[in-house]
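Structure file start_8.csv (CSV, C-alpha atoms) is printed below.
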chain,number,residue,atom,x,y,z
A,1,MET,CA,-12.2,-20.2,-48.2
A,2,THR,CA,-9.1,-20.9,-50.2
A,3,ALA,CA,-5.8,-22.1,-48.9
A,4,ALA,CA,-4.4,-18.6,-49.0
A,5,GLY,CA,-7.2,-17.5,-46.7
A,6,GLY,CA,-6.2,-20.1,-44.2
A,7,VAL,CA,-2.5,-19.1,-44.3
A,8,LEU,CA,-3.4,-15.5,-44.0
A,9,PHE,CA,-5.6,-16.2,-41.0
A,10,TYR,CA,-2.9,-18.1,-39.2
A,11,MET,CA,-0.3,-15.4,-40.0
A,12,PHE,CA,-2.5,-12.6,-38.7
A,13,ALA,CA,-3.6,-14.6,-35.7
A,14,LEU,CA,-0.1,-15.4,-34.7
A,15,LEU,CA,1.1,-11.8,-35.1
A,16,ALA,CA,-2.0,-10.6,-33.2
A,17,VAL,CA,-1.2,-12.8,-30.2
A,18,LEU,CA,2.5,-12.0,-30.2
A,19,SER,CA,1.8,-8.2,-30.4
A,20,ALA,CA,-0.8,-8.5,-27.6
A,21,LEU,CA,1.8,-10.4,-25.5
A,22,GLY,CA,4.2,-7.6,-26.3
A,23,THR,CA,1.8,-4.9,-25.2
A,24,VAL,CA,1.3,-6.6,-21.9
A,25,ILE,CA,4.9,-7.6,-21.1
A,26,VAL,CA,7.1,-4.8,-22.5
A,27,HIS,CA,8.6,-2.4,-19.9
A,28,SER,CA,8.5,0.9,-21.7
A,29,PRO,CA,5.0,2.3,-22.6
A,30,ILE,CA,6.0,3.7,-26.0
A,31,ARG,CA,7.0,0.2,-27.1
A,32,ALA,CA,3.8,-1.1,-25.7
A,33,ALA,CA,2.0,1.5,-27.9
A,34,MET,CA,3.8,0.3,-31.0
A,35,SER,CA,3.0,-3.3,-30.2
A,36,LEU,CA,-0.7,-2.2,-29.8
A,37,LEU,CA,-0.4,-0.6,-33.2
A,38,MET,CA,0.7,-3.8,-34.8
A,39,HIS,CA,-2.1,-5.7,-33.0
A,40,ILE,CA,-4.6,-3.3,-34.5
A,41,VAL,CA,-3.2,-3.7,-38.0
A,42,CYS,CA,-3.4,-7.5,-37.6
A,43,LEU,CA,-7.0,-7.2,-36.5
A,44,SER,CA,-7.8,-5.0,-39.5
A,45,GLY,CA,-6.4,-7.8,-41.7
A,46,LEU,CA,-8.6,-10.3,-39.9
A,47,PHE,CA,-11.6,-8.1,-40.5
A,48,LEU,CA,-10.8,-8.1,-44.2
A,49,LEU,CA,-10.7,-11.9,-44.1
A,50,LEU,CA,-14.1,-11.9,-42.5
A,51,HIS,CA,-15.4,-9.7,-45.4
A,52,ALA,CA,-16.0,-6.7,-43.2
A,53,HIS,CA,-14.4,-4.1,-45.4
A,54,LEU,CA,-15.8,-0.9,-43.9
A,55,ILE,CA,-15.1,-2.1,-40.4
A,56,ALA,CA,-11.5,-2.9,-41.4
A,57,ALA,CA,-11.0,0.6,-42.8
A,58,LEU,CA,-12.7,2.2,-39.8
A,59,GLN,CA,-10.5,0.2,-37.4
A,60,MET,CA,-7.4,1.6,-39.2
A,61,LEU,CA,-8.7,5.1,-39.3
A,62,VAL,CA,-10.0,5.3,-35.7
A,63,TYR,CA,-7.8,3.0,-33.7
A,64,ALA,CA,-4.5,3.2,-35.5
A,65,GLY,CA,-5.0,6.7,-36.7
A,66,ALA,CA,-6.5,8.4,-33.6
A,67,VAL,CA,-6.4,6.3,-30.5
A,68,VAL,CA,-2.7,5.1,-30.8
A,69,VAL,CA,-1.7,8.6,-31.8
A,70,LEU,CA,-3.4,10.0,-28.7
A,71,PHE,CA,-1.5,7.4,-26.5
A,72,VAL,CA,1.8,8.4,-28.1
A,73,PHE,CA,1.1,12.1,-27.5
A,74,VAL,CA,0.3,11.5,-23.8
A,75,ILE,CA,3.4,9.3,-23.4
A,76,MET,CA,5.5,12.0,-25.0
A,77,MET,CA,3.9,14.7,-22.7
A,78,ILE,CA,4.6,12.6,-19.6
A,79,GLY,CA,8.1,12.1,-20.6
A,80,PRO,CA,10.8,10.2,-18.8
A,81,SER,CA,8.7,9.2,-15.8
A,82,ALA,CA,6.4,7.2,-18.0
A,83,PRO,CA,8.1,3.8,-17.4
A,84,GLU,CA,7.2,2.3,-14.0
A,85,PRO,CA,9.9,1.4,-11.5
A,86,PRO,CA,10.6,-2.4,-11.5
A,87,VAL,CA,8.0,-4.3,-9.5
A,88,LEU,CA,8.1,-7.7,-8.0
A,89,ARG,CA,9.0,-9.5,-11.2
A,90,GLY,CA,8.3,-12.9,-9.7
A,91,MET,CA,4.7,-12.1,-9.0
A,92,ILE,CA,4.2,-10.8,-12.5
A,93,VAL,CA,5.7,-13.9,-14.0
A,94,LYS,CA,3.7,-16.2,-11.8
A,95,THR,CA,0.4,-14.5,-12.6
A,96,ALA,CA,1.2,-14.3,-16.3
A,97,SER,CA,2.1,-18.0,-16.5
A,98,ILE,CA,-1.1,-19.1,-14.8
A,99,GLY,CA,-3.0,-16.9,-17.2
A,100,VAL,CA,-1.2,-18.3,-20.3
A,101,LEU,CA,-2.0,-21.8,-19.1
A,102,ILE,CA,-5.7,-20.9,-18.9
A,103,LEU,CA,-5.5,-19.3,-22.3
A,104,LEU,CA,-3.8,-22.3,-23.9
A,105,THR,CA,-6.5,-24.6,-22.6
A,106,ALA,CA,-9.2,-22.3,-24.0
A,107,LEU,CA,-7.3,-22.2,-27.3
A,108,LEU,CA,-7.2,-26.0,-27.5
A,109,ALA,CA,-10.8,-26.4,-26.4
A,110,PHE,CA,-12.2,-23.9,-28.9
A,111,SER,CA,-10.0,-25.1,-31.8
A,112,LEU,CA,-11.0,-28.8,-31.4
A,113,MET,CA,-14.7,-28.7,-30.7
A,114,PRO,CA,-17.1,-27.7,-33.5
A,115,VAL,CA,-18.6,-24.4,-32.6
A,116,GLY,CA,-21.3,-22.7,-34.5
A,117,THR,CA,-22.2,-23.0,-38.2
A,118,ARG,CA,-20.0,-23.7,-41.1
A,119,LEU,CA,-18.8,-21.0,-43.5
A,120,THR,CA,-21.7,-20.2,-45.8
A,121,PRO,CA,-20.7,-18.8,-49.2
A,122,LEU,CA,-21.7,-15.2,-49.5
A,123,ALA,CA,-23.9,-14.1,-52.4
A,124,LEU,CA,-21.3,-11.8,-53.7
A,125,CYS,CA,-21.7,-9.4,-56.6
A,126,ALA,CA,-20.2,-10.0,-60.0
A,127,PRO,CA,-17.6,-7.4,-61.0
A,128,GLU,CA,-19.7,-6.3,-64.0
A,129,GLN,CA,-22.7,-5.3,-61.8
A,130,GLY,CA,-21.0,-2.2,-60.7
A,131,ALA,CA,-21.2,-0.1,-57.6
A,132,GLU,CA,-25.0,-0.4,-57.1
A,133,CYS,CA,-24.6,-4.0,-56.1
A,134,GLU,CA,-24.5,-4.5,-52.4
A,135,GLN,CA,-21.7,-6.6,-51.2
A,136,PHE,CA,-21.8,-8.1,-47.7
A,137,GLY,CA,-19.7,-5.8,-45.4
A,138,GLY,CA,-19.3,-3.2,-48.1
A,139,VAL,CA,-20.0,0.4,-47.7
A,140,VAL,CA,-23.5,0.4,-49.4
A,141,ALA,CA,-24.9,-2.6,-47.6
A,142,PHE,CA,-23.4,-1.7,-44.2
A,143,SER,CA,-24.6,1.9,-44.5
A,144,LYS,CA,-28.1,0.8,-45.3
A,145,THR,CA,-28.2,-1.3,-42.1
A,146,LEU,CA,-26.5,1.6,-40.1
A,147,PHE,CA,-29.0,4.2,-41.2
A,148,GLN,CA,-32.1,2.1,-41.1
A,149,ASN,CA,-31.6,-0.2,-38.1
A,150,GLY,CA,-29.0,1.8,-36.2
A,151,LEU,CA,-30.0,5.4,-36.8
A,152,VAL,CA,-30.8,6.3,-33.2
A,153,PRO,CA,-27.6,4.8,-31.8
A,154,PHE,CA,-25.7,6.6,-34.6
A,155,GLU,CA,-27.0,10.0,-33.5
A,156,LEU,CA,-26.5,9.1,-29.8
A,157,ILE,CA,-22.9,8.2,-30.6
A,158,SER,CA,-22.3,11.7,-32.0
A,159,VAL,CA,-23.7,13.1,-28.8
A,160,LEU,CA,-21.4,10.8,-26.9
A,161,LEU,CA,-18.4,11.9,-28.8
A,162,THR,CA,-19.2,15.5,-28.2
A,163,VAL,CA,-19.6,14.9,-24.5
A,164,ALA,CA,-16.3,13.0,-24.4
A,165,ILE,CA,-14.5,15.9,-26.0
A,166,ILE,CA,-15.9,18.3,-23.6
A,167,GLY,CA,-15.2,16.0,-20.7
A,168,ALA,CA,-11.6,15.3,-21.7
A,169,ILE,CA,-10.9,19.1,-22.1
A,170,ALA,CA,-12.6,19.8,-18.7
A,171,VAL,CA,-10.6,17.1,-16.9
A,172,ALA,CA,-7.2,17.7,-18.5
A,173,ARG,CA,-7.4,21.5,-18.6
A,174,GLY,CA,-6.1,22.1,-15.1
A,175,ARG,CA,-6.4,25.3,-13.2
A,176,SER,CA,-4.6,28.6,-13.7
A,177,ALA,CA,-3.1,30.4,-10.7
A,178,GLU,CA,-6.0,32.8,-10.3
A,179,GLU,CA,-8.5,30.0,-10.4
A,180,THR,CA,-6.6,28.1,-7.7
A,181,GLN,CA,-6.4,31.2,-5.5
A,182,ALA,CA,-10.1,32.0,-6.0
A,183,LEU,CA,-11.0,28.4,-5.1
A,184,ARG,CA,-8.8,28.4,-2.0
A,185,LYS,CA,-10.4,31.7,-0.8
A,186,LYS,CA,-13.9,30.3,-1.3
A,187,ARG,CA,-13.0,27.2,0.6
A,188,GLU,CA,-11.5,29.2,3.4
A,189,ALA,CA,-14.6,31.4,3.6
A,190,GLU,CA,-16.8,28.4,3.8
A,191,ASP,CA,-14.6,26.8,6.5
A,192,GLN,CA,-14.7,30.0,8.6
A,193,LYS,CA,-18.5,30.2,8.3
A,194,ARG,CA,-18.8,26.5,9.4
A,195,LEU,CA,-16.4,27.0,12.3
A,196,ALA,CA,-18.3,30.1,13.5
A,197,GLN,CA,-21.6,28.2,13.2
A,198,GLU,CA,-20.2,25.3,15.3
A,199,ALA,CA,-18.8,27.7,17.9
A,200,ARG,CA,-22.2,29.3,18.2
A,201,GLU,CA,-24.0,26.0,18.6
A,202,ARG,CA,-21.5,24.9,21.2
A,203,ALA,CA,-21.9,28.1,23.1
A,204,LEU,CA,-25.7,27.7,23.0
A,205,ALA,CA,-25.5,24.1,24.2
A,206,ALA,CA,-23.2,25.1,27.0
A,207,GLU,CA,-25.6,27.9,28.1
A,208,VAL,CA,-28.5,25.5,28.0
A,209,SER,CA,-26.7,22.9,30.1
A,210,ALA,CA,-25.5,25.5,32.6
A,211,HIS,CA,-29.1,26.6,33.2
A,212,GLY,CA,-30.0,23.0,34.0
A,213,GLY,CA,-31.7,22.1,30.7
A,214,HIS,CA,-34.3,25.0,30.4
B,1,MET,CA,-8.4,-24.9,-45.7
B,2,ASP,CA,-11.6,-23.8,-43.9
B,3,ILE,CA,-11.3,-21.6,-40.9
B,4,GLU,CA,-14.0,-22.5,-38.4
B,5,LEU,CA,-15.8,-20.1,-36.1
B,6,GLY,CA,-14.2,-21.9,-33.2
B,7,GLN,CA,-10.7,-20.7,-34.2
B,8,TYR,CA,-11.8,-17.1,-34.3
B,9,LEU,CA,-13.3,-17.7,-30.8
B,10,ALA,CA,-10.0,-19.2,-29.6
B,11,LEU,CA,-8.0,-16.2,-30.9
B,12,SER,CA,-10.5,-13.7,-29.4
B,13,SER,CA,-10.4,-15.4,-26.0
B,14,VAL,CA,-6.6,-15.6,-26.0
B,15,VAL,CA,-6.3,-11.9,-26.8
B,16,PHE,CA,-9.0,-11.0,-24.3
B,17,GLY,CA,-7.3,-13.0,-21.6
B,18,LEU,CA,-4.0,-11.4,-22.3
B,19,GLY,CA,-5.6,-8.0,-22.0
B,20,ALA,CA,-7.3,-8.9,-18.8
B,21,ILE,CA,-4.1,-10.3,-17.2
B,22,GLY,CA,-2.2,-7.3,-18.4
B,23,PHE,CA,-4.7,-4.9,-16.9
B,24,LEU,CA,-4.5,-6.7,-13.5
B,25,VAL,CA,-0.8,-7.2,-13.4
B,26,ARG,CA,0.7,-4.0,-14.8
B,27,ARG,CA,1.0,-1.0,-12.6
B,28,ASN,CA,1.4,1.6,-15.3
B,29,VAL,CA,-1.8,3.4,-16.0
B,30,LEU,CA,-1.0,3.9,-19.7
B,31,VAL,CA,-0.4,0.2,-20.2
B,32,GLN,CA,-3.6,-0.6,-18.3
B,33,LEU,CA,-5.5,1.6,-20.8
B,34,MET,CA,-3.8,-0.2,-23.7
B,35,CYS,CA,-4.9,-3.5,-22.2
B,36,ILE,CA,-8.5,-2.2,-22.1
B,37,GLU,CA,-8.2,-1.5,-25.8
B,38,LEU,CA,-6.9,-5.0,-26.4
B,39,MET,CA,-10.0,-6.4,-24.7
B,40,LEU,CA,-12.3,-4.2,-26.7
B,41,ASN,CA,-10.6,-5.2,-29.9
B,42,SER,CA,-11.0,-8.9,-29.2
B,43,VAL,CA,-14.7,-8.4,-28.6
B,44,ASN,CA,-14.9,-6.5,-31.9
B,45,LEU,CA,-13.3,-9.5,-33.6
B,46,MET,CA,-15.9,-11.8,-32.1
B,47,PHE,CA,-18.8,-9.6,-33.3
B,48,VAL,CA,-17.5,-9.5,-36.8
B,49,ALA,CA,-16.7,-13.2,-36.9
B,50,PHE,CA,-20.1,-14.2,-35.7
B,51,ASN,CA,-21.6,-11.9,-38.3
B,52,ARG,CA,-19.6,-13.6,-41.1
B,53,TYR,CA,-20.8,-17.0,-40.0
B,54,SER,CA,-24.5,-16.0,-40.1
B,55,PRO,CA,-24.5,-13.3,-42.8
B,56,ASP,CA,-28.3,-12.6,-42.9
B,57,ASN,CA,-27.8,-9.0,-41.7
B,58,HIS,CA,-25.1,-6.7,-40.6
B,59,THR,CA,-25.9,-6.6,-36.9
B,60,GLY,CA,-22.5,-7.8,-35.7
B,61,GLN,CA,-20.6,-5.3,-37.8
B,62,LEU,CA,-23.0,-2.6,-36.6
B,63,PHE,CA,-22.2,-3.5,-33.0
B,64,ALA,CA,-18.5,-3.4,-33.8
B,65,PHE,CA,-18.9,0.1,-35.3
B,66,PHE,CA,-20.4,1.4,-32.1
B,67,VAL,CA,-17.8,-0.4,-30.0
B,68,ILE,CA,-15.0,1.3,-32.0
B,69,ALA,CA,-16.7,4.7,-31.4
B,70,VAL,CA,-17.2,4.2,-27.7
B,71,ALA,CA,-13.7,2.9,-27.2
B,72,ALA,CA,-12.3,6.0,-28.9
B,73,ALA,CA,-14.3,8.3,-26.6
B,74,GLU,CA,-13.3,6.2,-23.5
B,75,ALA,CA,-9.6,6.3,-24.5
B,76,ALA,CA,-9.8,10.1,-24.8
B,77,VAL,CA,-11.4,10.6,-21.4
B,78,GLY,CA,-9.1,8.0,-19.8
B,79,LEU,CA,-6.0,9.7,-21.1
B,80,ALA,CA,-7.3,13.1,-19.8
B,81,ILE,CA,-7.6,11.5,-16.4
B,82,VAL,CA,-4.1,10.1,-16.7
B,83,ILE,CA,-2.8,13.7,-17.5
B,84,SER,CA,-4.6,15.0,-14.4
B,85,LEU,CA,-3.2,12.3,-12.3
B,86,PHE,CA,0.3,13.0,-13.6
B,87,ARG,CA,-0.2,16.7,-12.9
B,88,LEU,CA,-1.1,15.9,-9.3
B,89,LYS,CA,1.2,13.1,-8.3
B,90,LYS,CA,4.0,13.4,-10.9
B,91,THR,CA,3.8,9.7,-11.6
B,92,VAL,CA,1.7,7.3,-13.7
B,93,HIS,CA,2.2,4.4,-11.2
B,94,SER,CA,-1.3,3.3,-10.2
B,95,ASP,CA,-0.1,2.2,-6.7
B,96,ARG,CA,0.7,5.8,-5.8
B,97,ALA,CA,-2.8,6.9,-6.5
B,98,ASP,CA,-4.1,5.6,-3.3
B,99,THR,CA,-5.7,8.6,-1.5
B,100,LEU,CA,-8.5,10.8,-2.7
B,101,ARG,CA,-7.0,13.8,-1.1
B,102,ASN,CA,-3.3,14.7,-1.1
Mind turning the file's structure into structure tokens?
Amino acid sequence: MTAAGGVLFYMFALLAVLSALGTVIVHSPIRAAMSLLMHIVCLSGLFLLLHAHLIAALQMLVYAGAVVVLFVFVIMMIGPSAPEPPVLRGMIVKTASIGVLILLTALLAFSLMPVGTRLTPLALCAPEQGAECEQFGGVVAFSKTLFQNGLVPFELISVLLTVAIIGAIAVARGRSAEETQALRKKREAEDQKRLAQEARERALAAEVSAHGGH
Amino acid sequence: MDIELGQYLALSSVVFGLGAIGFLVRRNVLVQLMCIELMLNSVNLMFVAFNRYSPDNHTGQLFAFFVIAVAAAEAAVGLAIVISLFRLKKTVHSDRADTLRN
């Protein structure tokens, strides 16, 4: 990796940590969402450095383009009651500082000790070989792996996404006034039936005990 | 300058820890969901980094692809639950959601 790659890594890494910290600390959720957006963009840059081009593009498309937008929509729908009332600030600061200490230890440990293999040079394609050449992390090579090794999970993911859409609509739909009334009537009818049944059982038990157990 | 795998591991663990601490400390359900996304992103970074440092196949990136898809589905359903909670309790403070029956 060149010197530029190192500089870019440290820049993206620092921005990623700062924006993650921002997401956790900031009081208002819309600012936390913007901080999360910057974190996602930094991670996309890191994926590009790791030669995962399709994953970087998908990260921007799906996370930055759909998930964060969904968050912003919900925050806007919820409106002014979205920020929480101020909690025990001391407890938050204490927990956060203990956590940051642990994290800095991990950072130091992992940075200093040699973990894993060294960076192997990738057998990349020459520019004149054209689009048929399969670069590591490119669309062609990754798609081959996806549709050969990961075909069943890929189809299952589409089922999962359909189920998630149906579930989200079913949960967030809420009930109209007629539905609420119909449900209440049904529940009252069931309660009446249950009370009548219990009353009958109690009457029967009283009768049996009054006749001395026969 | 060569970036080692350990440095990616350090960055991933720092971000994961921040997300975990944020999830436990914050009481706003929306911010908790964002901290979950932070944790999932850090795991994605780890998958892709390990794949770069043993580039025989694309397994790490494949896993990251599925993690992205599952995280998107989970964010959608989680936000639907947040909307339901807000409709019921008029708040997104997780401490107020303490009974199953209002």
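Reported to one decimal place, the separation of CA of Leu15 (chain A) from CA of Phe71 (chain A) is 21.2 Å.
Once Leu49 (chain A) and its same-chain neighbours fewer than 2 positions away are set aside, Met1, Gly5, Gly6, Leu8, Phe9, Phe12, Leu43, Ser44, Gly45, Leu46, Phe47, His51, Ala52, His53 and Ala56 of chain A; Ala49 and Arg52 of chain B remain within 10 Å of it when counting all atoms listed in the file.
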Just to be explicit: take each residue in the selection above, keep C-alpha atoms, and write the result as a compact mmCIF listing (two decimals), in the coordinates of the input.
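Listing of part_3.txt after writing:
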# COMPACT_ATOMS: atom_id res chain seq x y z
CA MET A 1 -12.20 -20.20 -48.20
CA GLY A 5 -7.20 -17.50 -46.70
CA GLY A 6 -6.20 -20.10 -44.20
CA LEU A 8 -3.40 -15.50 -44.00
CA PHE A 9 -5.60 -16.20 -41.00
CA PHE A 12 -2.50 -12.60 -38.70
CA LEU A 43 -7.00 -7.20 -36.50
CA SER A 44 -7.80 -5.00 -39.50
CA GLY A 45 -6.40 -7.80 -41.70
CA LEU A 46 -8.60 -10.30 -39.90
CA PHE A 47 -11.60 -8.10 -40.50
CA HIS A 51 -15.40 -9.70 -45.40
CA ALA A 52 -16.00 -6.70 -43.20
CA HIS A 53 -14.40 -4.10 -45.40
CA ALA A 56 -11.50 -2.90 -41.40
CA ALA B 49 -16.70 -13.20 -36.90
CA ARG B 52 -19.60 -13.60 -41.10
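Of the residues under consideration (B:Val48, B:Leu88, B:Val43, B:Val15), B:Val15 shows the shortest atom-to-atom contact distance to Leu14 (chain A) when counting all atoms listed in the file.
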| request: Within 7 Å of chain A, which residues of chain B are there when counting all atoms listed in the file? Please give them as a ChimeraX atom specification. | output: /B:1-7,9-11,14-15,17-18,21-22,25,28,30-31,35,49,52-53,58,61-62,65,72-73,75-77,80-81,83-84,91-93
| task | Within 8 Å of Ile36 (chain B), counting only C-alpha atoms, which residues show up once you throw out same-chain ones fewer than 5 positions away? Write them as a ChimeraX atom specification, please. | result | /B:19-20,23
Restricting it to C-alpha atoms, dump the selection as a compact mmCIF listing (two decimals), in the frame of the given file.
# COMPACT_ATOMS: atom_id res chain seq x y z
CA GLY B 19 -5.60 -8.00 -22.00
CA ALA B 20 -7.30 -8.90 -18.80
CA PHE B 23 -4.70 -4.90 -16.90
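What separates CA of Ala57 (chain A) from CA of Leu33 (chain B) is a distance of 22.7 Å.
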| request: For CA of Leu37 (chain A) and CA of Ala64 (chain A), determine how far apart the two atoms are, in Å to one decimal place. | output: 6.0 Å
| said: Within 12 Å of (1.1, 16.1, -4.8) (file coordinates; all atoms listed in the file), which protein or nucleic acid residues are there? I'd like them as a PyMOL selection string. | reply: chain B and resi 84-91+96-102
| query | Using all atoms listed in the file, which of the listed residues (B:Ser54, B:Ala71, B:Gly60, B:Phe16) sits closest to Leu38 (chain B)? | reply | B:Phe16
Using N, CA and C atoms, give me region 32-48 of chain A from the structure I just pasted, as a PDB file, in the first residue's frame.
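What ended up in out.pdb:
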ATOM      1  N   ALA A  32     -27.732  12.920  15.754  1.00  0.00           N
ATOM      2  CA  ALA A  32     -27.143  11.591  15.814  1.00  0.00           C
ATOM      3  C   ALA A  32     -27.270  10.887  14.473  1.00  0.00           C
ATOM      4  N   ALA A  33     -28.401  11.085  13.785  1.00  0.00           N
ATOM      5  CA  ALA A  33     -28.586  10.466  12.469  1.00  0.00           C
ATOM      6  C   ALA A  33     -27.590  11.041  11.463  1.00  0.00           C
ATOM      7  N   MET A  34     -27.326  12.331  11.525  1.00  0.00           N
ATOM      8  CA  MET A  34     -26.355  12.924  10.595  1.00  0.00           C
ATOM      9  C   MET A  34     -24.957  12.417  10.895  1.00  0.00           C
ATOM     10  N   SER A  35     -24.660  12.236  12.185  1.00  0.00           N
ATOM     11  CA  SER A  35     -23.365  11.691  12.558  1.00  0.00           C
ATOM     12  C   SER A  35     -23.222  10.248  12.077  1.00  0.00           C
ATOM     13  N   LEU A  36     -24.314   9.486  12.169  1.00  0.00           N
ATOM     14  CA  LEU A  36     -24.290   8.124  11.657  1.00  0.00           C
ATOM     15  C   LEU A  36     -24.067   8.123  10.158  1.00  0.00           C
ATOM     16  N   LEU A  37     -24.648   9.087   9.466  1.00  0.00           N
ATOM     17  CA  LEU A  37     -24.448   9.192   8.015  1.00  0.00           C
ATOM     18  C   LEU A  37     -22.978   9.406   7.693  1.00  0.00           C
ATOM     19  N   MET A  38     -22.313  10.301   8.439  1.00  0.00           N
ATOM     20  CA  MET A  38     -20.891  10.527   8.177  1.00  0.00           C
ATOM     21  C   MET A  38     -20.091   9.262   8.473  1.00  0.00           C
ATOM     22  N   HIS A  39     -20.469   8.533   9.535  1.00  0.00           N
ATOM     23  CA  HIS A  39     -19.777   7.289   9.864  1.00  0.00           C
ATOM     24  C   HIS A  39     -19.902   6.294   8.719  1.00  0.00           C
ATOM     25  N   ILE A  40     -21.098   6.213   8.119  1.00  0.00           N
ATOM     26  CA  ILE A  40     -21.310   5.267   7.018  1.00  0.00           C
ATOM     27  C   ILE A  40     -20.474   5.655   5.809  1.00  0.00           C
ATOM     28  N   VAL A  41     -20.369   6.956   5.546  1.00  0.00           N
ATOM     29  CA  VAL A  41     -19.548   7.399   4.412  1.00  0.00           C
ATOM     30  C   VAL A  41     -18.080   7.066   4.667  1.00  0.00           C
ATOM     31  N   CYS A  42     -17.618   7.259   5.903  1.00  0.00           N
ATOM     32  CA  CYS A  42     -16.225   6.905   6.223  1.00  0.00           C
ATOM     33  C   CYS A  42     -15.991   5.416   6.056  1.00  0.00           C
ATOM     34  N   LEU A  43     -16.957   4.598   6.461  1.00  0.00           N
ATOM     35  CA  LEU A  43     -16.786   3.161   6.295  1.00  0.00           C
ATOM     36  C   LEU A  43     -16.770   2.779   4.833  1.00  0.00           C
ATOM     37  N   SER A  44     -17.556   3.475   4.025  1.00  0.00           N
ATOM     38  CA  SER A  44     -17.540   3.208   2.590  1.00  0.00           C
ATOM     39  C   SER A  44     -16.154   3.502   2.018  1.00  0.00           C
ATOM     40  N   GLY A  45     -15.534   4.593   2.489  1.00  0.00           N
ATOM     41  CA  GLY A  45     -14.173   4.887   2.063  1.00  0.00           C
ATOM     42  C   GLY A  45     -13.196   3.810   2.484  1.00  0.00           C
ATOM     43  N   LEU A  46     -13.384   3.269   3.704  1.00  0.00           N
ATOM     44  CA  LEU A  46     -12.502   2.202   4.170  1.00  0.00           C
ATOM     45  C   LEU A  46     -12.689   0.939   3.340  1.00  0.00           C
ATOM     46  N   PHE A  47     -13.940   0.670   2.941  1.00  0.00           N
ATOM     47  CA  PHE A  47     -14.157  -0.490   2.077  1.00  0.00           C
ATOM     48  C   PHE A  47     -13.445  -0.315   0.739  1.00  0.00           C
ATOM     49  N   LEU A  48     -13.440   0.916   0.220  1.00  0.00           N
ATOM     50  CA  LEU A  48     -12.726   1.161  -1.031  1.00  0.00           C
ATOM     51  C   LEU A  48     -11.231   0.909  -0.858  1.00  0.00           C
TER      52      LEU A  48
END
